[in-house]
Every structure is written in C-alpha cells, then in structure tokens.
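Shown here: my_file-v1.cif, mmCIF, N, CA and C atoms and all ligand atoms.
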data_structure
loop_
_atom_site.label_atom_id
_atom_site.label_comp_id
_atom_site.auth_asym_id
_atom_site.auth_seq_id
_atom_site.Cartn_x
_atom_site.Cartn_y
_atom_site.Cartn_z
N MET N 61 -16.19 3.80 -3.15
CA MET N 61 -15.62 2.49 -2.82
C MET N 61 -14.67 2.03 -3.94
N LEU N 62 -13.54 1.49 -3.51
CA LEU N 62 -12.54 1.02 -4.47
C LEU N 62 -12.45 -0.51 -4.43
N THR N 63 -12.43 -1.11 -5.60
CA THR N 63 -12.21 -2.56 -5.69
C THR N 63 -11.09 -2.79 -6.69
N LEU N 64 -10.12 -3.61 -6.32
CA LEU N 64 -9.03 -3.93 -7.24
C LEU N 64 -9.02 -5.43 -7.51
N TYR N 65 -9.13 -5.77 -8.80
CA TYR N 65 -8.99 -7.16 -9.23
C TYR N 65 -7.50 -7.42 -9.44
N VAL N 66 -7.01 -8.51 -8.89
CA VAL N 66 -5.59 -8.83 -8.94
C VAL N 66 -5.40 -10.32 -9.23
N LYS N 67 -4.12 -10.67 -9.38
CA LYS N 67 -3.76 -12.08 -9.51
C LYS N 67 -2.49 -12.27 -8.68
N THR N 68 -2.40 -13.34 -7.97
CA THR N 68 -1.22 -13.63 -7.16
C THR N 68 0.02 -13.68 -8.07
N GLY N 69 1.09 -12.97 -7.66
CA GLY N 69 2.34 -12.99 -8.41
C GLY N 69 2.40 -11.97 -9.53
N CYS N 70 1.37 -11.15 -9.66
CA CYS N 70 1.33 -10.14 -10.74
C CYS N 70 2.05 -8.87 -10.28
N ALA N 71 3.16 -8.56 -10.95
CA ALA N 71 3.98 -7.39 -10.56
C ALA N 71 3.23 -6.08 -10.80
N PHE N 72 2.43 -6.03 -11.86
CA PHE N 72 1.64 -4.82 -12.14
C PHE N 72 0.64 -4.58 -11.01
N CYS N 73 0.06 -5.68 -10.53
CA CYS N 73 -0.90 -5.58 -9.42
C CYS N 73 -0.18 -5.12 -8.15
N ALA N 74 1.00 -5.67 -7.91
CA ALA N 74 1.77 -5.31 -6.71
C ALA N 74 2.07 -3.82 -6.69
N MET N 75 2.37 -3.27 -7.86
CA MET N 75 2.67 -1.84 -7.94
C MET N 75 1.45 -1.01 -7.54
N VAL N 76 0.28 -1.41 -8.04
CA VAL N 76 -0.95 -0.67 -7.71
C VAL N 76 -1.30 -0.85 -6.23
N LEU N 77 -1.16 -2.07 -5.73
CA LEU N 77 -1.45 -2.32 -4.31
C LEU N 77 -0.54 -1.47 -3.42
N HIS N 78 0.72 -1.36 -3.82
CA HIS N 78 1.67 -0.54 -3.07
C HIS N 78 1.22 0.92 -3.03
N ARG N 79 0.76 1.42 -4.15
CA ARG N 79 0.30 2.83 -4.21
C ARG N 79 -0.96 3.03 -3.36
N LEU N 80 -1.89 2.07 -3.44
CA LEU N 80 -3.10 2.15 -2.61
C LEU N 80 -2.71 2.23 -1.13
N ASP N 81 -1.75 1.41 -0.74
CA ASP N 81 -1.32 1.40 0.66
C ASP N 81 -0.58 2.68 1.02
N GLU N 82 0.28 3.15 0.11
CA GLU N 82 0.99 4.42 0.35
C GLU N 82 0.02 5.57 0.59
N LEU N 83 -1.07 5.56 -0.15
CA LEU N 83 -2.07 6.62 -0.04
C LEU N 83 -3.02 6.40 1.12
N GLY N 84 -2.89 5.25 1.77
CA GLY N 84 -3.72 4.95 2.95
C GLY N 84 -5.17 4.70 2.61
N LEU N 85 -5.42 4.15 1.41
CA LEU N 85 -6.80 3.97 0.94
C LEU N 85 -7.35 2.60 1.35
N GLN N 86 -8.64 2.59 1.62
CA GLN N 86 -9.36 1.34 1.89
C GLN N 86 -9.84 0.78 0.55
N TYR N 87 -9.74 -0.52 0.38
CA TYR N 87 -10.19 -1.11 -0.88
C TYR N 87 -10.50 -2.59 -0.67
N ASP N 88 -11.35 -3.09 -1.56
CA ASP N 88 -11.60 -4.52 -1.61
C ASP N 88 -10.67 -5.11 -2.65
N GLU N 89 -10.12 -6.27 -2.35
CA GLU N 89 -9.22 -6.95 -3.29
C GLU N 89 -9.91 -8.23 -3.75
N LYS N 90 -9.96 -8.44 -5.06
CA LYS N 90 -10.58 -9.64 -5.61
C LYS N 90 -9.55 -10.35 -6.48
N ASN N 91 -9.32 -11.63 -6.21
CA ASN N 91 -8.25 -12.37 -6.89
C ASN N 91 -8.85 -13.30 -7.95
N ILE N 92 -8.36 -13.13 -9.20
CA ILE N 92 -8.92 -13.92 -10.30
C ILE N 92 -8.44 -15.37 -10.28
N GLY N 93 -7.66 -15.72 -9.26
CA GLY N 93 -7.34 -17.14 -9.05
C GLY N 93 -8.61 -17.94 -8.77
N ASP N 94 -9.61 -17.25 -8.28
CA ASP N 94 -10.96 -17.84 -8.11
C ASP N 94 -11.68 -17.67 -9.44
N SER N 95 -12.09 -18.77 -10.07
CA SER N 95 -12.66 -18.69 -11.42
C SER N 95 -13.94 -17.86 -11.46
N GLY N 96 -14.67 -17.83 -10.36
CA GLY N 96 -15.87 -17.00 -10.30
C GLY N 96 -15.53 -15.53 -10.38
N ILE N 97 -14.43 -15.15 -9.73
CA ILE N 97 -13.97 -13.75 -9.76
C ILE N 97 -13.45 -13.42 -11.16
N ALA N 98 -12.74 -14.35 -11.78
CA ALA N 98 -12.24 -14.12 -13.15
C ALA N 98 -13.41 -13.90 -14.11
N ASP N 99 -14.46 -14.70 -13.97
CA ASP N 99 -15.65 -14.53 -14.82
C ASP N 99 -16.30 -13.18 -14.57
N GLU N 100 -16.33 -12.78 -13.29
CA GLU N 100 -16.91 -11.48 -12.92
C GLU N 100 -16.13 -10.34 -13.58
N LEU N 101 -14.78 -10.46 -13.57
CA LEU N 101 -13.93 -9.43 -14.18
C LEU N 101 -14.22 -9.31 -15.69
N VAL N 102 -14.28 -10.44 -16.36
CA VAL N 102 -14.53 -10.43 -17.81
C VAL N 102 -15.91 -9.84 -18.10
N ALA N 103 -16.88 -10.18 -17.27
CA ALA N 103 -18.23 -9.65 -17.47
C ALA N 103 -18.25 -8.12 -17.29
N ARG N 104 -17.46 -7.65 -16.33
CA ARG N 104 -17.42 -6.20 -16.07
C ARG N 104 -16.65 -5.45 -17.13
N GLY N 105 -15.41 -5.89 -17.36
CA GLY N 105 -14.48 -5.09 -18.16
C GLY N 105 -14.33 -5.54 -19.60
N GLY N 106 -14.68 -6.79 -19.86
CA GLY N 106 -14.61 -7.29 -21.23
C GLY N 106 -13.40 -8.13 -21.53
N LYS N 107 -12.42 -8.16 -20.62
CA LYS N 107 -11.27 -9.02 -20.87
C LYS N 107 -10.66 -9.46 -19.54
N ARG N 108 -9.89 -10.55 -19.61
CA ARG N 108 -9.23 -11.08 -18.43
C ARG N 108 -7.84 -10.46 -18.34
N GLN N 109 -7.77 -9.33 -17.67
CA GLN N 109 -6.48 -8.67 -17.46
C GLN N 109 -6.53 -7.94 -16.11
N VAL N 110 -5.48 -8.14 -15.33
CA VAL N 110 -5.36 -7.45 -14.04
C VAL N 110 -4.04 -6.68 -14.04
N PRO N 111 -3.95 -5.61 -13.26
CA PRO N 111 -4.95 -5.10 -12.33
C PRO N 111 -6.10 -4.40 -13.06
N TYR N 112 -7.24 -4.34 -12.36
CA TYR N 112 -8.45 -3.66 -12.86
C TYR N 112 -9.09 -2.97 -11.66
N LEU N 113 -9.22 -1.66 -11.77
CA LEU N 113 -9.77 -0.89 -10.66
C LEU N 113 -11.22 -0.50 -10.94
N VAL N 114 -12.06 -0.68 -9.94
CA VAL N 114 -13.43 -0.15 -9.97
C VAL N 114 -13.51 0.93 -8.89
N ASP N 115 -13.82 2.15 -9.31
CA ASP N 115 -13.99 3.27 -8.37
C ASP N 115 -15.44 3.71 -8.50
N THR N 116 -16.27 3.25 -7.59
CA THR N 116 -17.71 3.52 -7.72
C THR N 116 -18.03 4.99 -7.47
N ASP N 117 -17.27 5.65 -6.62
CA ASP N 117 -17.53 7.07 -6.35
C ASP N 117 -17.26 7.93 -7.58
N ALA N 118 -16.16 7.62 -8.28
CA ALA N 118 -15.82 8.39 -9.48
C ALA N 118 -16.58 7.87 -10.70
N GLY N 119 -17.16 6.68 -10.59
CA GLY N 119 -17.91 6.11 -11.72
C GLY N 119 -17.02 5.64 -12.84
N VAL N 120 -15.81 5.12 -12.48
CA VAL N 120 -14.90 4.65 -13.52
C VAL N 120 -14.40 3.24 -13.21
N GLU N 121 -14.05 2.54 -14.28
CA GLU N 121 -13.46 1.22 -14.18
C GLU N 121 -12.26 1.22 -15.13
N ILE N 122 -11.08 0.83 -14.63
CA ILE N 122 -9.84 1.09 -15.38
C ILE N 122 -8.93 -0.14 -15.42
N TYR N 123 -8.50 -0.49 -16.64
CA TYR N 123 -7.39 -1.43 -16.84
C TYR N 123 -6.10 -0.61 -16.93
N GLU N 124 -4.98 -1.27 -16.93
CA GLU N 124 -3.64 -0.69 -17.10
C GLU N 124 -3.13 -0.05 -15.80
N SER N 125 -2.09 -0.66 -15.27
CA SER N 125 -1.55 -0.23 -13.98
C SER N 125 -1.16 1.25 -13.97
N ALA N 126 -0.54 1.73 -15.04
CA ALA N 126 -0.11 3.14 -15.07
C ALA N 126 -1.32 4.07 -15.02
N ASP N 127 -2.38 3.69 -15.71
CA ASP N 127 -3.60 4.51 -15.71
C ASP N 127 -4.28 4.47 -14.34
N ILE N 128 -4.23 3.32 -13.69
CA ILE N 128 -4.83 3.20 -12.36
C ILE N 128 -4.07 4.07 -11.36
N VAL N 129 -2.74 3.99 -11.40
CA VAL N 129 -1.94 4.81 -10.47
C VAL N 129 -2.18 6.29 -10.73
N LYS N 130 -2.28 6.66 -12.00
CA LYS N 130 -2.55 8.06 -12.34
C LYS N 130 -3.91 8.49 -11.76
N HIS N 131 -4.91 7.65 -11.89
CA HIS N 131 -6.23 7.95 -11.34
C HIS N 131 -6.15 8.11 -9.81
N LEU N 132 -5.44 7.21 -9.16
CA LEU N 132 -5.33 7.27 -7.69
C LEU N 132 -4.63 8.56 -7.28
N ASP N 133 -3.55 8.89 -7.97
CA ASP N 133 -2.80 10.11 -7.62
C ASP N 133 -3.64 11.35 -7.86
N THR N 134 -4.38 11.36 -8.96
CA THR N 134 -5.21 12.53 -9.28
C THR N 134 -6.31 12.74 -8.25
N HIS N 135 -6.92 11.64 -7.79
CA HIS N 135 -8.09 11.75 -6.92
C HIS N 135 -7.77 11.68 -5.42
N PHE N 136 -6.67 11.05 -5.07
CA PHE N 136 -6.46 10.76 -3.65
C PHE N 136 -5.14 11.25 -3.06
N ALA N 137 -4.18 11.65 -3.91
CA ALA N 137 -2.91 12.12 -3.34
C ALA N 137 -3.12 13.46 -2.67
N PRO N 138 -2.48 13.69 -1.50
CA PRO N 138 -2.63 14.97 -0.83
C PRO N 138 -2.15 16.10 -1.72
N LYS N 139 -2.89 17.20 -1.72
CA LYS N 139 -2.49 18.37 -2.52
C LYS N 139 -1.34 19.09 -1.82
N GLU N 140 -0.39 19.57 -2.62
CA GLU N 140 0.76 20.27 -2.00
C GLU N 140 0.47 21.75 -1.84
N1 LIG S 201 -0.05 -3.40 -19.37
C1 LIG S 201 -0.79 -4.06 -18.34
C2 LIG S 201 -0.24 -5.48 -18.18
C3 LIG S 201 -1.08 -6.29 -17.22
C4 LIG S 201 -0.76 -7.77 -17.31
O1 LIG S 201 0.10 -8.23 -18.11
N2 LIG S 201 -1.45 -8.54 -16.48
C5 LIG S 201 -1.32 -9.97 -16.52
C6 LIG S 201 -0.89 -10.50 -15.13
S1 LIG S 201 0.65 -9.78 -14.60
C7 LIG S 201 -2.67 -10.59 -16.81
O2 LIG S 201 -3.69 -9.99 -16.54
N3 LIG S 201 -2.68 -11.80 -17.37
C8 LIG S 201 -3.92 -12.50 -17.60
C9 LIG S 201 -4.06 -13.69 -16.74
O3 LIG S 201 -3.16 -13.94 -15.92
O4 LIG S 201 -5.07 -14.37 -16.84
C10 LIG S 201 -0.70 -3.25 -17.04
O5 LIG S 201 0.28 -2.49 -16.87
O6 LIG S 201 -1.62 -3.33 -16.21
#
Starting from the file, lay out its structure as structure tokens.
Ligand SMILES: N[C@@H](CCC(=O)N[C@@H](CS)C(=O)NCC(=O)O)C(=O)O
Amino acid sequence: MLTLYVKTGCAFCAMVLHRLDELGLQYDEKNIGDSGIADELVARGGKRQVPYLVDTDAGVEIYESADIVKHLDTHFAPKE
C-alpha cells in the first residue's frame, strides 16, 4: 500500500503525484493542510516536509521528491 503526504500547491508533490498517475498506481493521499495529518507526518518521519511516501509493502518511508520518484521507478516501472 502506498500513502503520499502532500500539501496543496506544492510543486514537488505535484511531480510525485504525476509519476504515481503515469505508473497507474493506487495510493492514499494525505494533505498536511489538516493539522492532524501534519502532526501524523511529523510523528512518522520526524519533520514537517512533503512529499513523503510510505510504502508498506517495501517497508520504506521516504522524504525528497527525487528519491520518491526513484523508488517508484525502481519498484513499479514496467521492465523493458
Ligand atoms: N527537497 C524537497 C523539498 C520539499 C519542500 O520544499 N516541501 C515544502 C512544500 S513545497 C514543505 O514541505 N514545506 C513545509 C510546509 O509547507 O510546512 C523535495 O524535493 O521533496
């Protein structure tokens, strides 16, 4: 299961969301505009920064949009 923490208007988040959609992946989106979600993010990852991906199947949680896209491509992009 994939969960992406985002914030409205965040270009880094938009880039990751675009890649998730390009890859046709299902995911839950959580917006830190809700203070409860922001608190949840800080409790999980240690800081208030989005995007933040939780991939429960791979057992990883990742900050940094470039690292998230790399993870998605490595695990979910079709092999050539
Ligand atoms: N280098 C990071 C930058 C992420 C970043 O700057 N995120 C901003 C929103 S665009 C953020 O989390 N700001 C904290 C906040 O809005 O509370 C990445 O590529 O993911």
Within-6 Å residues of ligand LIG 201 (chain S), basis all atoms listed in the file, as a VMD selection string: chain N and resid 69 to 73 108 to 111 123 to 126
Using DSSP secondary structure from the backbone, list all helix (DSSP H, G or I) positions within segment 79-139 of chain N, as a PyMOL selection string. chain N and resi 79-82+95-105+125-136
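DSSP annotation of segment 61-137 of chain N from backbone atoms: strand (DSSP E) residues are N:Leu62, N:Thr63, N:Leu64, N:Tyr65, N:Val66, N:Asp88, N:Glu89, N:Lys90, N:Asn91, N:Tyr112, N:Leu113, N:Val114, N:Asp115, N:Val120, N:Glu121, N:Ile122, N:Tyr123.
For the set N:Lys139, N:Val114, N:Leu64, N:Asp133, the residue with the smallest atom-to-atom gap to Leu83 of chain N is N:Asp133, counting only C-alpha atoms.
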Box for segment 94-109 of chain N - axis-aligned, 8 Å on each of the six sides, all listed atoms - centre and size in Å to one decimal, as lines of an AutoDock Vina configuration file.
center_x = -12.4
center_y = -11.9
center_z = -14.8
size_x = 27.8
size_y = 29.7
size_z = 29.4
For His135 of chain N, list every protein, DNA or RNA residue within 12 Å, evaluated using only C-alpha atoms, and leave out those in the same chain fewer than 3 positions away; present the list as a short mmCIF file (atom, residue, chain, number, x, y, z; two decimals) with N, CA and C atoms, in the frame of the given file.
data_model
loop_
_atom_site.label_atom_id
_atom_site.label_comp_id
_atom_site.auth_asym_id
_atom_site.auth_seq_id
_atom_site.Cartn_x
_atom_site.Cartn_y
_atom_site.Cartn_z
N LEU N 62 -13.54 1.49 -3.51
CA LEU N 62 -12.54 1.02 -4.47
C LEU N 62 -12.45 -0.51 -4.43
N LEU N 80 -1.89 2.07 -3.44
CA LEU N 80 -3.10 2.15 -2.61
C LEU N 80 -2.71 2.23 -1.13
N LEU N 83 -1.07 5.56 -0.15
CA LEU N 83 -2.07 6.62 -0.04
C LEU N 83 -3.02 6.40 1.12
N LEU N 85 -5.42 4.15 1.41
CA LEU N 85 -6.80 3.97 0.94
C LEU N 85 -7.35 2.60 1.35
N ASP N 115 -13.82 2.15 -9.31
CA ASP N 115 -13.99 3.27 -8.37
C ASP N 115 -15.44 3.71 -8.50
N ASP N 117 -17.27 5.65 -6.62
CA ASP N 117 -17.53 7.07 -6.35
C ASP N 117 -17.26 7.93 -7.58
N ALA N 118 -16.16 7.62 -8.28
CA ALA N 118 -15.82 8.39 -9.48
C ALA N 118 -16.58 7.87 -10.70
N VAL N 120 -15.81 5.12 -12.48
CA VAL N 120 -14.90 4.65 -13.52
C VAL N 120 -14.40 3.24 -13.21
N ILE N 128 -4.23 3.32 -13.69
CA ILE N 128 -4.83 3.20 -12.36
C ILE N 128 -4.07 4.07 -11.36
N VAL N 129 -2.74 3.99 -11.40
CA VAL N 129 -1.94 4.81 -10.47
C VAL N 129 -2.18 6.29 -10.73
N LYS N 130 -2.28 6.66 -12.00
CA LYS N 130 -2.55 8.06 -12.34
C LYS N 130 -3.91 8.49 -11.76
N HIS N 131 -4.91 7.65 -11.89
CA HIS N 131 -6.23 7.95 -11.34
C HIS N 131 -6.15 8.11 -9.81
N LEU N 132 -5.44 7.21 -9.16
CA LEU N 132 -5.33 7.27 -7.69
C LEU N 132 -4.63 8.56 -7.28
N PRO N 138 -2.48 13.69 -1.50
CA PRO N 138 -2.63 14.97 -0.83
C PRO N 138 -2.15 16.10 -1.72
N LYS N 139 -2.89 17.20 -1.72
CA LYS N 139 -2.49 18.37 -2.52
C LYS N 139 -1.34 19.09 -1.82
#
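The space separating atom CA of Tyr112 of chain N from atom CA of Asn91 of chain N comes to 10.6 Å.
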N:Ile122, N:Glu82, N:Lys67, N:Glu140 ranked by distance to Asp94 of chain N, top pick (using only N, CA and C atoms): N:Lys67
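Minimum atom-to-atom distance to Tyr65 of chain N, evaluated using only C-alpha atoms, belongs to N:Asp88 out of N:Ser95, N:Phe136, N:Asp88, N:Gly106.
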One decimal, in Å: what's the spacing between atom N of Ala74 of chain N and atom CA of Gly96 of chain N? 20.5 Å
